[in-house]
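K.L.:
Dropping a structure here in structure tokens format, bear with me for questions.
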Amino acid sequence: MADDNYAQTANEAKYIALIKQYELFLIPYESADFTAPTGLDWTVPAGLGPLGYSSEDGATLHPEPGDDTEITAHNGDIVYSESAPGFWTFQFPGIELTKRSVTAYFDTDVSATDGSITVTKASTSKNWRVVVRAIDQDDNKILIYAPKAKISDRDDLSLKYSEQITPNMTFKFFKDAGTMFKAWGLAKDFTAPTGGQG
């Protein structure tokens, strides 16, 4: 007789997530009045807006593993293996040319007088705090916070009649006070403990 429960008890469609909307906030790392998120209900600082629309490809959180170190014995057996911590990146395919996205992309400030930028180098040196807020298909919240990030890669700006000018940027996360990034809402089966600490 067949066992109707065999290998069929752990599948839960409610734990699947598709990102319906998301927004990226960039805060200068040195900002004195910034309050870091401590959960899903982070309050956006007054006057701070998201980077706005991104392309239909969506954003990408990417792990970059560190180099492997292996020690072999006299006969070739691997007797020890260790991986360096590596890092994470967040790729944002932006399509809005706002002051914040232009500032980040060109690593320079937008003049408050005439809106110009003065570019003196092609490298990036500004550090940012990155907050990503998202909702899935069921309107469940997701929040990702990287306390220290820097732009590690940028796509070319296409100045072409048939293409949008897209300031696509990839942010590399660095450890700050021991944390590379923190995220809430990704484990959809998490239930908050009741009656004190769990």
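Letters for chains follow the order of the structure tokens (A, B, ...), residue numbers begin at 1 for each chain, and ligand numbers begin at 1 in the order shown.
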What are the closest atom pairs, with distances in Å to one decimal, for each residue of region 150-189 of chain A lying within 12 Å of region 24-35 of chain A, using only C-alpha atoms, rows by chain and rising residue number, as CSV?
P.N.:
residue,atom,partner,partner_atom,distance
A:Lys150,CA,A:Tyr29,CA,9.6
A:Ile151,CA,A:Leu26,CA,11.2
A:Met169,CA,A:Leu24,CA,11.6
A:Phe171,CA,A:Leu26,CA,10.4
A:Phe174,CA,A:Tyr29,CA,11.8
A:Asp176,CA,A:Tyr29,CA,10.6
K.L.:
Would you mind exporting the chosen residues as a PDB file, in the first residue's frame, restricted to N, CA, C and O atoms?
P.N.:
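Heads up, here's the output in again-v9.pdb:
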ATOM      1  N   LYS A 150      30.043  50.853  -0.671  1.00  0.00           N
ATOM      2  CA  LYS A 150      30.691  51.752  -1.628  1.00  0.00           C
ATOM      3  C   LYS A 150      30.402  51.228  -3.022  1.00  0.00           C
ATOM      4  O   LYS A 150      30.252  50.014  -3.214  1.00  0.00           O
ATOM      5  N   ILE A 151      30.302  52.111  -3.987  1.00  0.00           N
ATOM      6  CA  ILE A 151      30.060  51.677  -5.352  1.00  0.00           C
ATOM      7  C   ILE A 151      31.306  50.990  -5.889  1.00  0.00           C
ATOM      8  O   ILE A 151      32.398  51.568  -5.886  1.00  0.00           O
ATOM      9  N   MET A 169      24.257  50.928 -10.870  1.00  0.00           N
ATOM     10  CA  MET A 169      25.341  50.913  -9.887  1.00  0.00           C
ATOM     11  C   MET A 169      25.337  49.608  -9.105  1.00  0.00           C
ATOM     12  O   MET A 169      24.280  49.059  -8.815  1.00  0.00           O
ATOM     13  N   PHE A 171      26.746  48.160  -5.494  1.00  0.00           N
ATOM     14  CA  PHE A 171      27.282  48.543  -4.195  1.00  0.00           C
ATOM     15  C   PHE A 171      27.937  47.333  -3.535  1.00  0.00           C
ATOM     16  O   PHE A 171      27.333  46.271  -3.440  1.00  0.00           O
ATOM     17  N   PHE A 174      30.612  46.351   3.093  1.00  0.00           N
ATOM     18  CA  PHE A 174      31.763  46.155   3.965  1.00  0.00           C
ATOM     19  C   PHE A 174      31.270  45.933   5.387  1.00  0.00           C
ATOM     20  O   PHE A 174      30.193  46.395   5.767  1.00  0.00           O
ATOM     21  N   ASP A 176      30.834  46.687   9.156  1.00  0.00           N
ATOM     22  CA  ASP A 176      30.850  47.854  10.012  1.00  0.00           C
ATOM     23  C   ASP A 176      30.367  47.386  11.384  1.00  0.00           C
ATOM     24  O   ASP A 176      29.241  46.896  11.512  1.00  0.00           O
TER      25      ASP A 176
END
K.L.:
So that I can check the surroundings of Lys99 (chain A), please list as a ChimeraX atom specification every protein, DNA and RNA residue that reaches within 12 Å of it, counting only C-alpha atoms and ignoring chain neighbours fewer than 3 positions away.
P.N.:
/A:26,48-52,96,102-112,115-117,167
K.L.:
To one decimal place, how far is CA of Lys182 (chain A) from CA of Gln137 (chain A) in Å?
P.N.:
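Atom-to-atom, CA of Lys182 (chain A) and CA of Gln137 (chain A) are spaced 21.9 Å apart.
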K.L.:
Going by DSSP on the backbone, which residues of chain A come out as helix (DSSP H, G or I)? List them as a list in words.
P.N.:
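Of chain A, the ones in helix (DSSP H, G or I) are Ala13, Lys14, Tyr15, Lys99, Arg100, Ser101, Val102, Thr103, Ala104, Tyr105 and Phe106 of chain A.
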K.L.:
Mind dumping the selected residues with N, CA and C atoms as a PDB file, in the first residue's frame?
P.N.:
ATOM      1  N   ALA A  13       3.533  26.418  -0.455  1.00  0.00           N
ATOM      2  CA  ALA A  13       3.546  27.512  -1.431  1.00  0.00           C
ATOM      3  C   ALA A  13       3.543  28.886  -0.759  1.00  0.00           C
ATOM      4  N   LYS A  14       3.026  28.973   0.466  1.00  0.00           N
ATOM      5  CA  LYS A  14       2.953  30.267   1.147  1.00  0.00           C
ATOM      6  C   LYS A  14       4.336  30.801   1.523  1.00  0.00           C
ATOM      7  N   TYR A  15       5.358  29.952   1.452  1.00  0.00           N
ATOM      8  CA  TYR A  15       6.711  30.390   1.781  1.00  0.00           C
ATOM      9  C   TYR A  15       7.473  30.889   0.545  1.00  0.00           C
ATOM     10  N   LYS A  99      19.097  63.807  -7.956  1.00  0.00           N
ATOM     11  CA  LYS A  99      20.332  64.327  -7.359  1.00  0.00           C
ATOM     12  C   LYS A  99      21.101  63.235  -6.622  1.00  0.00           C
ATOM     13  N   ARG A 100      20.382  62.374  -5.886  1.00  0.00           N
ATOM     14  CA  ARG A 100      21.066  61.342  -5.111  1.00  0.00           C
ATOM     15  C   ARG A 100      21.714  60.308  -6.025  1.00  0.00           C
ATOM     16  N   SER A 101      21.028  59.900  -7.105  1.00  0.00           N
ATOM     17  CA  SER A 101      21.619  58.899  -7.994  1.00  0.00           C
ATOM     18  C   SER A 101      22.795  59.478  -8.773  1.00  0.00           C
ATOM     19  N   VAL A 102      22.705  60.737  -9.181  1.00  0.00           N
ATOM     20  CA  VAL A 102      23.813  61.386  -9.890  1.00  0.00           C
ATOM     21  C   VAL A 102      25.004  61.568  -8.949  1.00  0.00           C
ATOM     22  N   THR A 103      24.734  61.975  -7.714  1.00  0.00           N
ATOM     23  CA  THR A 103      25.792  62.121  -6.716  1.00  0.00           C
ATOM     24  C   THR A 103      26.523  60.803  -6.505  1.00  0.00           C
ATOM     25  N   ALA A 104      25.754  59.720  -6.356  1.00  0.00           N
ATOM     26  CA  ALA A 104      26.360  58.410  -6.113  1.00  0.00           C
ATOM     27  C   ALA A 104      27.112  57.913  -7.346  1.00  0.00           C
ATOM     28  N   TYR A 105      26.491  58.008  -8.507  1.00  0.00           N
ATOM     29  CA  TYR A 105      27.093  57.473  -9.728  1.00  0.00           C
ATOM     30  C   TYR A 105      28.416  58.165 -10.054  1.00  0.00           C
ATOM     31  N   PHE A 106      28.436  59.500  -9.990  1.00  0.00           N
ATOM     32  CA  PHE A 106      29.639  60.249 -10.360  1.00  0.00           C
ATOM     33  C   PHE A 106      30.561  60.513  -9.170  1.00  0.00           C
TER      34      PHE A 106
END
K.L.:
Kindly indicate which residue among A:Ile165, A:Val44, A:Ile135, A:Ala149 lies nearest to Thr179 (chain A), using only C-alpha atoms for the distances.
P.N.:
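With only C-alpha atoms as the atom set, the closest residue is A:Ala149.
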K.L.:
Between CA of Lys172 (chain A) and CA of Ile16 (chain A), what distance in Å does the model show, to one decimal?
P.N.:
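About the pair CA of Lys172 (chain A) and CA of Ile16 (chain A): they are 27.0 Å apart.
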K.L.:
Would you list the contacts of Gly39 (chain A) as a PyMOL selection string, taking every protein, DNA or RNA residue within 9 Å and counting only C-alpha atoms, but skipping same-chain residues closer than 5 positions in sequence?
P.N.:
chain A and resi 143+183-185
K.L.:
Region 2-191 of chain A: which residues are strand (DSSP E or B) by DSSP, as a PyMOL selection string?
P.N.:
chain A and resi 19-28+54+60-64+68-72+78-83+87-94+110+117+128-136+141-154+168-173+176+179+182-184
K.L.:
For a quick check of understanding, using only C-alpha atoms, which of A:Asn11, A:Gly86, A:Val132, A:Ser162 has the smallest distance to His62 (chain A)?
P.N.:
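Selected residue with least distance to His62 (chain A): A:Gly86.
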K.L.:
Which is closer to Ala122 (chain A) than all the others in A:Leu97, A:Phe90, A:Ile142, A:Asp153, using only C-alpha atoms?
P.N.:
A:Asp153
